[in-house]
Amino acid sequence: MVEVGRKYVFDFDSTLTRVEALDVLAEITLKDKANKNEIISEIQKITNLGIDGDISFTESLERRIKLLNAHRDNLELLVSELRQKISKSIESNKDFFHNYSEDIYVISCGFKEFIDPIVKEYDIPSSRVYANTFKFDAEGFIIGFDEANVLASHNGKIECLRSLKLEGEVQVIGDGYSDYVMREAGIADKFFAYTENISREKATRKADHVTPNLDEFLFVNDLPRKISYPKNRIKILLLENVHEAAFVNLSNEGFTVELVKSSLSEEDLIEKIKGVHVLGIRSKTQVTKKVLDAADKLMVVGAFCIGTTQIDLDNCRRKGVVVFNAPYSNTRSVVELAIGQIIMLMRSVFPRSMEIHSGQWNKTAANSREVRGKNLGIVGYGNIGKQLSVLAEAIGMRVYYYDVADQLALGNAVKCNTLEDLLNVSDVVTLHIDDNKANNNFIGEREINQMKDGAMLINLARGFVVDIPAMVNGLKSGKLGGAAVDVYPEEPGSNGNFITELQGIPNVILTPHVGGSTEEAQRDIANFVPNKIMDYINSGNTVDAVNFPNIRLPKQINAHRFLHIHKNVPGVMAKINEVLARYEMNITGQYLSTDNEVGYVISDLDKEYNKEVIKALKRIENTIKFRVLY
Ligand SMILES: NC(=O)C1=CN([C@@H]2O[C@H](COP(=O)(O)OP(=O)(O)OC[C@H]3O[C@@H](n4cnc5c(N)ncnc54)[C@H](O)[C@@H]3O)[C@@H](O)[C@H]2O)C=CC1
Ligand SMILES: O=C(O)C(=O)COP(=O)(O)O
């Protein structure tokens with residue numbers, strides 16, 4: 001044993017298992033009873049009162065057993081149910097119980113009849129299980145418990161542990177106040193409040209350490225464990241009101257997640273980014289070099305949107321920070337809004353609506369046209385532009401498109417060789433170019449003058465793409481028949497006041513950057529991006545990363561995985577392998593991907609090795625980041 005003399009005293013219910021066993025027994029015995037739910041909630045209430053020390057434990061036990069009306073025959077089913085309900089991290093760290101078997105005890109106010117068979121599978125013999133025992137009547141019904149057992153009395157765990165006279169440091173791991181009392185009484189040296197299944201304030205408040213799972217407990221004690229780094233230690237900061245499903249997905253995985261509704265200024269983010277491993281943002285938050293310099297733990301930035309130019313991608317890469325986005329999740333939402341805007345603008349629906357809102361009936365066909373047979377000019381024929389092309393044709397529009405890249409026409413769309421050609425011919429021009437800063441003022445006075453008289457202009461791309469004063473002039477002069485604008489050169493970080501020169505101009509539809517803001521899109525993003533993040537953190541995969549060499553890694557089976565990110569200069573790979581050879585590591589798989597600046601090499605290795613190798617790998621010149629996964 002590594003830790004000579006240390007003893008580990010585990011609680012059973014809600015610690016080793018996810019449930020309170022007597023609650024499960026109640027489910028079994030009351031299955032066919034009409035008032036089952038009432039009785040179960042009564043039992044749970046009594047259980048909690050007992051755990052929190054609000055009623056005496058003896059009283060809690062007596063009252064519950066009476067309500068249970070259980071039989072010996074029910075216990076078999078109970079045990080098989082409990083077997084399915086072992087706490088997740090207890091189950092995954094079964095080796096710990098095996099390797100430290102001699103030092104592990106269970107002290108529980110539950111019953112040996114169901115605890116013994118469960119913990120036996122974890123190498124804890126009945127002789128080290130201290131718990132109550134049932135009393136049965138002649139027909140096998142449970143009618144009570146052995147009252148002479150100290151564990152049947154209030155704070156009986158204190159007496160029980162005292163009588164064991166354990167030597168060495170005694171650590172108690174449990175979810176309840178009744179576990180803490182052993183520490184309070186000075187018999188245990190440390191109390192770990194175990195919150196994997198339930199977090200009880202009375203226990204966590206007093207704990208030496210709150211441990212959300214066994215991984216954390218083993219990590220804190222520097223004991224061998226199933227995973228290299230407890231997930232609860234990975235801090236994720238999600239800004240800009242990303243969909244709550246992202247919070248749920250990432251929390252369920254065990255990460256510590258904080259949600260912030262707004263974006264943060266550079267100054268605030270510099271403050272907040274310290275200690276953060278994963279940052280989630282949308283289009284607003286600027287992840288600048290200064291922010292990255294302040295980020296001491298950052299591994300991943302997740303853009304919960306399409307655009308990524310708000311992130312300093314190059315500096316991220318240089319610092320070994322991988323960036324993911326959601327390139328497809330909100331495209332349909334943008335396209336649907338564009339279709340709506342095209343129709344609303346062509347029909348002058350918004351001026352009619354404004355009039356009637358202010359009490360004016362103005363039935364007229366002036367400036368109201370069908371979209372059928374009209375020319376739609378799509379600028380930027382990417383994921384959004386192409387989808388829009390298909391839908392617009394379906395409602396009878398003739399589609400023209402212009403793109404700097406060589407894009408294949410869908411349906412009957414006509415490719416324009418120059419922007420001017422497109423502007424000359426279109427009744428509605430809609431912008432779907434990317435958020436590249438080179439597209440600044442892409443549409444200005446000259447381009448507006450190249451448009452047909454009275455044509456409409458839609459911007460769902462980025463605010464800086466259109467020269468706003470030029471657009472205002474075009475609208476006021478009548479050169480433009482209308483406009484729909486969703487994005488602005490300056491957008492506020494959170495909801496509130498907003499001013500733009502475009503306000504108050506007729507036939508101008510203004511929306512607050514909501515092109516991608518639909519329930520469907522946000523939910524999809526909240527699944528897509530967290531999956532990418534988890535895949536990278538858990539296994540090193542960088543597939544679909546926007547700034548990093550992409551590697552799709554095979555599943556890591558029975559191996560330790562070394563992930564080494566380094567500057568792409570000659571000789572690093574050779575040095576890595578030299579170190580691995582020096583330490584006689586058996587490489588079971590090795591994967592490398594590079595770009596101009598960065599190299600990413602993953603080595604899968606046999607489990608047994610000298611831990612000094614890790615230090616040696618970190619010391620290799622030009623190493624940016626290094627981590628081990630197992
Ligand atoms: N309003 C909103 O809420 C949303 C806005 N967007 C914006 O829409 C943009 C487009 O999205 P996707 O279609 O997914 O991007 P994408 O990258 O698939 O397509 C962009 C296309 O624009 C082309 N392009 C870039 N610069 C150009 C230029 N100067 N002239 C002609 N073509 C040019 C590219 O070659 C590419 O084919 C995003 O970058 C983002 O800025 C995206 C989602 C939601
Ligand atoms: O996906 C994009 O690039 C968008 O513009 C949508 O951004 P948002 O998530 O609404 O901040």
# chains A, B, ... in the order shown; residues from 1 in each chain; ligands from 1
call {"tool": "residues_near_ligand", "arguments": {"ligand": "ligand 1", "cutoff": "6 Å", "atoms": "only C-alpha atoms and all ligand atoms", "output": "PyMOL selection string"}}
result
chain A and resi 306-307+327+330-331+334+379-385+402-405+432-435+439+460-462+486+513-516
call {"tool": "write_last_selection", "arguments": {"atoms": "C-alpha atoms", "output": "short mmCIF file (atom, residue, chain, number, x, y, z; two decimals), in the first residue's frame"}}
result
data_model
loop_
_atom_site.label_atom_id
_atom_site.label_comp_id
_atom_site.auth_asym_id
_atom_site.auth_seq_id
_atom_site.Cartn_x
_atom_site.Cartn_y
_atom_site.Cartn_z
CA ILE A 306 -20.58 30.69 -36.96
CA GLY A 307 -18.34 33.75 -36.95
CA PRO A 327 -20.70 26.23 -38.75
CA ASN A 330 -27.99 28.41 -37.37
CA THR A 331 -27.76 28.66 -41.16
CA VAL A 334 -30.72 32.99 -41.11
CA VAL A 379 -23.44 37.96 -52.24
CA GLY A 380 -21.42 35.22 -50.55
CA TYR A 381 -22.52 31.81 -51.81
CA GLY A 382 -21.43 29.79 -48.78
CA ASN A 383 -23.49 27.66 -46.43
CA ILE A 384 -26.13 30.34 -45.92
CA GLY A 385 -26.06 31.77 -49.43
CA TYR A 402 -21.38 36.39 -56.52
CA ASP A 403 -18.58 34.85 -54.50
CA VAL A 404 -14.83 35.34 -54.41
CA ALA A 405 -14.43 31.59 -54.25
CA HIS A 432 -23.91 36.54 -46.75
CA ILE A 433 -20.18 37.01 -47.00
CA ASP A 434 -18.10 35.92 -44.06
CA ASP A 435 -16.92 37.99 -41.12
CA ASN A 439 -14.88 42.83 -45.92
CA LEU A 460 -27.49 39.53 -42.24
CA ALA A 461 -23.70 39.10 -42.37
CA ARG A 462 -21.73 41.57 -40.25
CA ASP A 486 -29.74 42.61 -38.52
CA HIS A 513 -28.68 40.48 -34.53
CA VAL A 514 -31.22 37.70 -34.24
CA GLY A 515 -30.55 35.95 -37.57
CA GLY A 516 -29.32 32.87 -35.74
#
call {"tool": "residues_around", "arguments": {"residues": "A:Leu553", "least_positions_apart": "6", "cutoff": "12 Å", "atoms": "only C-alpha atoms", "output": "NGL selection string"}}
result
:A and (535-536 or 538-543 or 561 or 563 or 589-593 or 600-604)
call {"tool": "residues_around", "arguments": {"residues": "stretch 277-289 of chain A", "least_positions_apart": "6", "cutoff": "7 Å", "atoms": "only C-alpha atoms", "output": "VMD selection string"}}
result
chain A and resid 234 to 240 263 to 264 266 297 to 305 307 310 to 312 315 493
call {"tool": "write_last_selection", "arguments": {"atoms": "N, CA and C atoms", "output": "CSV table (one decimal), in the first residue's frame"}}
result
chain,number,residue,atom,x,y,z
A,234,ILE,N,-12.2,21.1,-14.1
A,234,ILE,CA,-12.2,21.9,-15.3
A,234,ILE,C,-13.3,22.9,-15.3
A,235,LYS,N,-12.8,24.2,-15.4
A,235,LYS,CA,-13.8,25.3,-15.2
A,235,LYS,C,-14.2,25.8,-16.6
A,236,ILE,N,-15.5,25.9,-16.8
A,236,ILE,CA,-16.0,26.3,-18.1
A,236,ILE,C,-16.8,27.6,-17.9
A,237,LEU,N,-16.5,28.6,-18.6
A,237,LEU,CA,-17.2,29.9,-18.5
A,237,LEU,C,-18.0,30.1,-19.8
A,238,LEU,N,-19.3,30.2,-19.7
A,238,LEU,CA,-20.1,30.4,-20.9
A,238,LEU,C,-20.8,31.8,-20.8
A,239,LEU,N,-20.4,32.6,-21.8
A,239,LEU,CA,-20.9,34.0,-21.9
A,239,LEU,C,-22.1,34.1,-22.9
A,240,GLU,N,-22.7,35.3,-22.9
A,240,GLU,CA,-23.6,35.7,-24.0
A,240,GLU,C,-24.9,34.8,-24.0
A,263,SER,N,-22.2,39.5,-22.7
A,263,SER,CA,-20.7,39.4,-23.1
A,263,SER,C,-20.0,40.2,-22.1
A,264,LEU,N,-18.6,40.1,-22.0
A,264,LEU,CA,-17.8,40.8,-21.1
A,264,LEU,C,-16.9,41.7,-21.8
A,266,GLU,N,-13.3,43.7,-22.5
A,266,GLU,CA,-11.9,43.1,-22.5
A,266,GLU,C,-11.4,43.1,-21.0
A,297,LYS,N,-5.0,29.1,-17.8
A,297,LYS,CA,-5.4,27.7,-17.9
A,297,LYS,C,-6.1,27.3,-19.2
A,298,LEU,N,-6.3,28.3,-20.1
A,298,LEU,CA,-7.3,28.2,-21.2
A,298,LEU,C,-6.8,27.1,-22.2
A,299,MET,N,-7.7,26.1,-22.5
A,299,MET,CA,-7.4,25.1,-23.5
A,299,MET,C,-8.3,25.2,-24.7
A,300,VAL,N,-9.5,25.7,-24.5
A,300,VAL,CA,-10.4,25.7,-25.6
A,300,VAL,C,-11.3,27.0,-25.6
A,301,VAL,N,-11.5,27.5,-26.8
A,301,VAL,CA,-12.6,28.5,-26.9
A,301,VAL,C,-13.7,27.9,-27.8
A,302,GLY,N,-14.9,27.9,-27.3
A,302,GLY,CA,-16.0,27.5,-28.2
A,302,GLY,C,-16.8,28.7,-28.6
A,303,ALA,N,-16.9,28.9,-30.0
A,303,ALA,CA,-17.7,30.0,-30.5
A,303,ALA,C,-19.1,29.3,-30.7
A,304,PHE,N,-20.1,29.7,-29.9
A,304,PHE,CA,-21.4,29.1,-30.1
A,304,PHE,C,-22.2,29.8,-31.2
A,305,CYS,N,-21.5,29.9,-32.3
A,305,CYS,CA,-22.1,30.7,-33.5
A,305,CYS,C,-21.2,30.3,-34.7
A,307,GLY,N,-19.5,32.8,-36.8
A,307,GLY,CA,-18.3,33.7,-37.0
A,307,GLY,C,-17.3,33.5,-35.9
A,310,GLN,N,-14.1,37.4,-34.0
A,310,GLN,CA,-14.1,38.1,-32.7
A,310,GLN,C,-13.0,37.4,-31.8
A,311,ILE,N,-12.4,36.3,-32.3
A,311,ILE,CA,-11.4,35.6,-31.5
A,311,ILE,C,-10.0,35.8,-32.3
A,312,ASP,N,-9.0,36.1,-31.5
A,312,ASP,CA,-7.7,36.2,-32.1
A,312,ASP,C,-7.2,34.8,-32.3
A,315,ASN,N,-3.3,34.0,-32.2
A,315,ASN,CA,-2.7,33.9,-30.9
A,315,ASN,C,-3.2,32.7,-30.1
A,493,GLY,N,-23.2,44.9,-25.7
A,493,GLY,CA,-22.8,43.7,-25.1
A,493,GLY,C,-24.0,42.9,-24.4
call {"tool": "closest_residue", "arguments": {"among": "A:Leu78, A:Val335, A:Leu419, A:Val465", "to": "A:Ala438", "atoms": "only C-alpha atoms"}}
result
A:Val465
call {"tool": "residues_around", "arguments": {"residues": "A:Glu139", "least_positions_apart": "6", "cutoff": "12 Å", "atoms": "only C-alpha atoms", "output": "VMD selection string"}}
result
chain A and resid 70 to 73
call {"tool": "write_last_selection", "arguments": {"atoms": "N, CA and C atoms", "output": "PDB file, in the first residue's frame"}}
result
ATOM      1  N   ALA A  70     -41.788  -4.378   5.017  1.00  0.00           N
ATOM      2  CA  ALA A  70     -41.023  -5.198   4.072  1.00  0.00           C
ATOM      3  C   ALA A  70     -40.867  -6.639   4.554  1.00  0.00           C
ATOM      4  N   HIS A  71     -40.525  -7.500   3.612  1.00  0.00           N
ATOM      5  CA  HIS A  71     -40.337  -8.918   3.895  1.00  0.00           C
ATOM      6  C   HIS A  71     -38.932  -9.318   3.459  1.00  0.00           C
ATOM      7  N   ARG A  72     -38.430 -10.377   4.101  1.00  0.00           N
ATOM      8  CA  ARG A  72     -37.093 -10.883   3.750  1.00  0.00           C
ATOM      9  C   ARG A  72     -36.940 -11.116   2.243  1.00  0.00           C
ATOM     10  N   ASP A  73     -38.016 -11.595   1.638  1.00  0.00           N
ATOM     11  CA  ASP A  73     -37.961 -11.890   0.198  1.00  0.00           C
ATOM     12  C   ASP A  73     -37.716 -10.642  -0.649  1.00  0.00           C
TER      13      ASP A  73
END
call {"tool": "closest_residue", "arguments": {"among": "A:Phe145, A:Tyr328, A:Phe114, A:Tyr177", "to": "ligand 2", "atoms": "only C-alpha atoms and all ligand atoms"}}
result
A:Tyr328
call {"tool": "select_by_dssp", "arguments": {"residues": "stretch 447-508 of chain A", "states": "helix (DSSP H, G or I)", "output": "PDB file with N, CA and C atoms, in the first residue's frame"}}
result
ATOM      1  N   GLU A 447     -21.061  51.072 -54.617  1.00  0.00           N
ATOM      2  CA  GLU A 447     -21.804  49.823 -54.859  1.00  0.00           C
ATOM      3  C   GLU A 447     -23.312  50.092 -54.846  1.00  0.00           C
ATOM      4  N   ILE A 448     -23.739  50.961 -53.926  1.00  0.00           N
ATOM      5  CA  ILE A 448     -25.175  51.264 -53.863  1.00  0.00           C
ATOM      6  C   ILE A 448     -25.616  51.926 -55.182  1.00  0.00           C
ATOM      7  N   ASN A 449     -24.746  52.790 -55.696  1.00  0.00           N
ATOM      8  CA  ASN A 449     -25.087  53.432 -56.973  1.00  0.00           C
ATOM      9  C   ASN A 449     -25.131  52.440 -58.131  1.00  0.00           C
ATOM     10  N   GLY A 463     -22.044  43.824 -39.380  1.00  0.00           N
ATOM     11  CA  GLY A 463     -22.344  45.253 -39.476  1.00  0.00           C
ATOM     12  C   GLY A 463     -21.316  46.029 -40.273  1.00  0.00           C
ATOM     13  N   PHE A 464     -20.038  45.679 -40.096  1.00  0.00           N
ATOM     14  CA  PHE A 464     -18.981  46.462 -40.739  1.00  0.00           C
ATOM     15  C   PHE A 464     -18.907  46.277 -42.255  1.00  0.00           C
ATOM     16  N   VAL A 465     -19.678  45.338 -42.758  1.00  0.00           N
ATOM     17  CA  VAL A 465     -19.650  45.039 -44.192  1.00  0.00           C
ATOM     18  C   VAL A 465     -20.301  46.175 -45.006  1.00  0.00           C
ATOM     19  N   ILE A 468     -22.662  52.435 -43.272  1.00  0.00           N
ATOM     20  CA  ILE A 468     -24.006  52.832 -42.835  1.00  0.00           C
ATOM     21  C   ILE A 468     -24.408  54.223 -43.367  1.00  0.00           C
ATOM     22  N   PRO A 469     -23.530  55.234 -43.267  1.00  0.00           N
ATOM     23  CA  PRO A 469     -23.947  56.537 -43.820  1.00  0.00           C
ATOM     24  C   PRO A 469     -24.332  56.436 -45.305  1.00  0.00           C
ATOM     25  N   ALA A 470     -23.599  55.637 -46.061  1.00  0.00           N
ATOM     26  CA  ALA A 470     -23.926  55.476 -47.490  1.00  0.00           C
ATOM     27  C   ALA A 470     -25.298  54.819 -47.636  1.00  0.00           C
ATOM     28  N   MET A 471     -25.586  53.867 -46.776  1.00  0.00           N
ATOM     29  CA  MET A 471     -26.876  53.183 -46.839  1.00  0.00           C
ATOM     30  C   MET A 471     -28.006  54.162 -46.481  1.00  0.00           C
ATOM     31  N   VAL A 472     -27.763  54.967 -45.449  1.00  0.00           N
ATOM     32  CA  VAL A 472     -28.774  55.949 -45.026  1.00  0.00           C
ATOM     33  C   VAL A 472     -29.052  56.914 -46.182  1.00  0.00           C
ATOM     34  N   ASN A 473     -27.983  57.401 -46.820  1.00  0.00           N
ATOM     35  CA  ASN A 473     -28.168  58.318 -47.961  1.00  0.00           C
ATOM     36  C   ASN A 473     -28.965  57.649 -49.060  1.00  0.00           C
ATOM     37  N   GLY A 474     -28.599  56.395 -49.340  1.00  0.00           N
ATOM     38  CA  GLY A 474     -29.292  55.650 -50.399  1.00  0.00           C
ATOM     39  C   GLY A 474     -30.775  55.510 -50.092  1.00  0.00           C
ATOM     40  N   LEU A 475     -31.095  55.266 -48.852  1.00  0.00           N
ATOM     41  CA  LEU A 475     -32.513  55.090 -48.460  1.00  0.00           C
ATOM     42  C   LEU A 475     -33.249  56.426 -48.529  1.00  0.00           C
ATOM     43  N   LYS A 476     -32.597  57.463 -48.015  1.00  0.00           N
ATOM     44  CA  LYS A 476     -33.261  58.771 -47.972  1.00  0.00           C
ATOM     45  C   LYS A 476     -33.457  59.345 -49.370  1.00  0.00           C
ATOM     46  N   SER A 477     -32.502  59.050 -50.271  1.00  0.00           N
ATOM     47  CA  SER A 477     -32.617  59.588 -51.640  1.00  0.00           C
ATOM     48  C   SER A 477     -33.586  58.771 -52.483  1.00  0.00           C
TER      49      SER A 477
END
call {"tool": "atom_distance", "arguments": {"atom1": "atom CA of A:Ala574", "atom2": "atom CA of A:Ser228"}}
result
26.0 Å
call {"tool": "residues_around", "arguments": {"residues": "A:Asp11", "least_positions_apart": "2", "cutoff": "7 Å", "atoms": "only C-alpha atoms", "output": "PyMOL selection string"}}
result
chain A and resi 9+13+15-16+106-108+173-174
call {"tool": "atom_distance", "arguments": {"atom1": "atom CA of A:Val508", "atom2": "atom CA of A:Cys416"}}
result
26.8 Å
call {"tool": "decode", "arguments": {"residues": "stretch 556-615 of chain A", "atoms": "C-alpha atoms", "output": "PDB file, in the first residue's frame"}}
result
ATOM      1  CA  GLN A 556      -7.912   5.233 -26.307  1.00  0.00           C
ATOM      2  CA  ILE A 557      -8.022   1.655 -25.091  1.00  0.00           C
ATOM      3  CA  ASN A 558      -6.032   0.594 -22.073  1.00  0.00           C
ATOM      4  CA  ALA A 559      -3.378   3.195 -22.724  1.00  0.00           C
ATOM      5  CA  HIS A 560      -2.115   6.493 -21.441  1.00  0.00           C
ATOM      6  CA  ARG A 561      -2.277   9.265 -24.017  1.00  0.00           C
ATOM      7  CA  PHE A 562       0.360  12.007 -24.149  1.00  0.00           C
ATOM      8  CA  LEU A 563      -0.754  15.140 -25.988  1.00  0.00           C
ATOM      9  CA  HIS A 564       2.057  17.426 -26.970  1.00  0.00           C
ATOM     10  CA  ILE A 565       1.519  20.791 -28.641  1.00  0.00           C
ATOM     11  CA  HIS A 566       4.654  22.514 -29.868  1.00  0.00           C
ATOM     12  CA  LYS A 567       5.973  25.161 -32.210  1.00  0.00           C
ATOM     13  CA  ASN A 568       6.432  23.675 -35.632  1.00  0.00           C
ATOM     14  CA  VAL A 569      10.223  24.002 -35.834  1.00  0.00           C
ATOM     15  CA  PRO A 570      12.601  21.292 -37.004  1.00  0.00           C
ATOM     16  CA  GLY A 571      13.569  18.565 -34.562  1.00  0.00           C
ATOM     17  CA  VAL A 572      10.778  18.631 -31.966  1.00  0.00           C
ATOM     18  CA  MET A 573       9.252  15.375 -33.078  1.00  0.00           C
ATOM     19  CA  ALA A 574      12.663  13.714 -32.960  1.00  0.00           C
ATOM     20  CA  LYS A 575      13.199  15.022 -29.430  1.00  0.00           C
ATOM     21  CA  ILE A 576       9.827  13.708 -28.290  1.00  0.00           C
ATOM     22  CA  ASN A 577      10.631  10.254 -29.572  1.00  0.00           C
ATOM     23  CA  GLU A 578      14.117  10.426 -28.135  1.00  0.00           C
ATOM     24  CA  VAL A 579      12.639  11.090 -24.673  1.00  0.00           C
ATOM     25  CA  LEU A 580      10.101   8.308 -25.107  1.00  0.00           C
ATOM     26  CA  ALA A 581      12.873   5.930 -26.133  1.00  0.00           C
ATOM     27  CA  ARG A 582      15.103   6.988 -23.244  1.00  0.00           C
ATOM     28  CA  TYR A 583      12.354   6.087 -20.803  1.00  0.00           C
ATOM     29  CA  GLU A 584      11.710   2.820 -22.642  1.00  0.00           C
ATOM     30  CA  MET A 585       8.122   3.708 -23.363  1.00  0.00           C
ATOM     31  CA  ASN A 586       6.153   1.278 -25.432  1.00  0.00           C
ATOM     32  CA  ILE A 587       4.303   3.362 -28.025  1.00  0.00           C
ATOM     33  CA  THR A 588       1.070   1.681 -29.125  1.00  0.00           C
ATOM     34  CA  GLY A 589       0.025   4.464 -31.481  1.00  0.00           C
ATOM     35  CA  GLN A 590       1.317   7.843 -32.570  1.00  0.00           C
ATOM     36  CA  TYR A 591      -0.433  10.585 -34.539  1.00  0.00           C
ATOM     37  CA  LEU A 592       0.901  13.868 -35.818  1.00  0.00           C
ATOM     38  CA  SER A 593      -0.654  16.830 -37.519  1.00  0.00           C
ATOM     39  CA  THR A 594       0.955  20.175 -38.190  1.00  0.00           C
ATOM     40  CA  ASP A 595       0.266  23.518 -39.754  1.00  0.00           C
ATOM     41  CA  ASN A 596       2.753  26.285 -40.503  1.00  0.00           C
ATOM     42  CA  GLU A 597       3.141  27.249 -36.895  1.00  0.00           C
ATOM     43  CA  VAL A 598       2.024  24.440 -34.639  1.00  0.00           C
ATOM     44  CA  GLY A 599       2.609  20.731 -34.326  1.00  0.00           C
ATOM     45  CA  TYR A 600       0.244  18.450 -32.444  1.00  0.00           C
ATOM     46  CA  VAL A 601       1.526  14.982 -31.632  1.00  0.00           C
ATOM     47  CA  ILE A 602      -0.360  12.334 -29.738  1.00  0.00           C
ATOM     48  CA  SER A 603       1.346   9.234 -28.396  1.00  0.00           C
ATOM     49  CA  ASP A 604      -0.581   6.312 -26.906  1.00  0.00           C
ATOM     50  CA  LEU A 605       1.551   4.349 -24.472  1.00  0.00           C
ATOM     51  CA  ASP A 606       1.471   1.290 -22.314  1.00  0.00           C
ATOM     52  CA  LYS A 607       0.302   2.149 -18.823  1.00  0.00           C
ATOM     53  CA  GLU A 608       3.389   1.361 -16.763  1.00  0.00           C
ATOM     54  CA  TYR A 609       6.074   4.025 -17.003  1.00  0.00           C
ATOM     55  CA  ASN A 610       8.383   6.232 -15.027  1.00  0.00           C
ATOM     56  CA  LYS A 611       6.505   9.455 -14.303  1.00  0.00           C
ATOM     57  CA  GLU A 612       9.727  11.426 -14.828  1.00  0.00           C
ATOM     58  CA  VAL A 613       9.070  11.094 -18.560  1.00  0.00           C
ATOM     59  CA  ILE A 614       6.326  13.697 -18.218  1.00  0.00           C
ATOM     60  CA  LYS A 615       8.719  16.286 -16.848  1.00  0.00           C
TER      61      LYS A 615
END
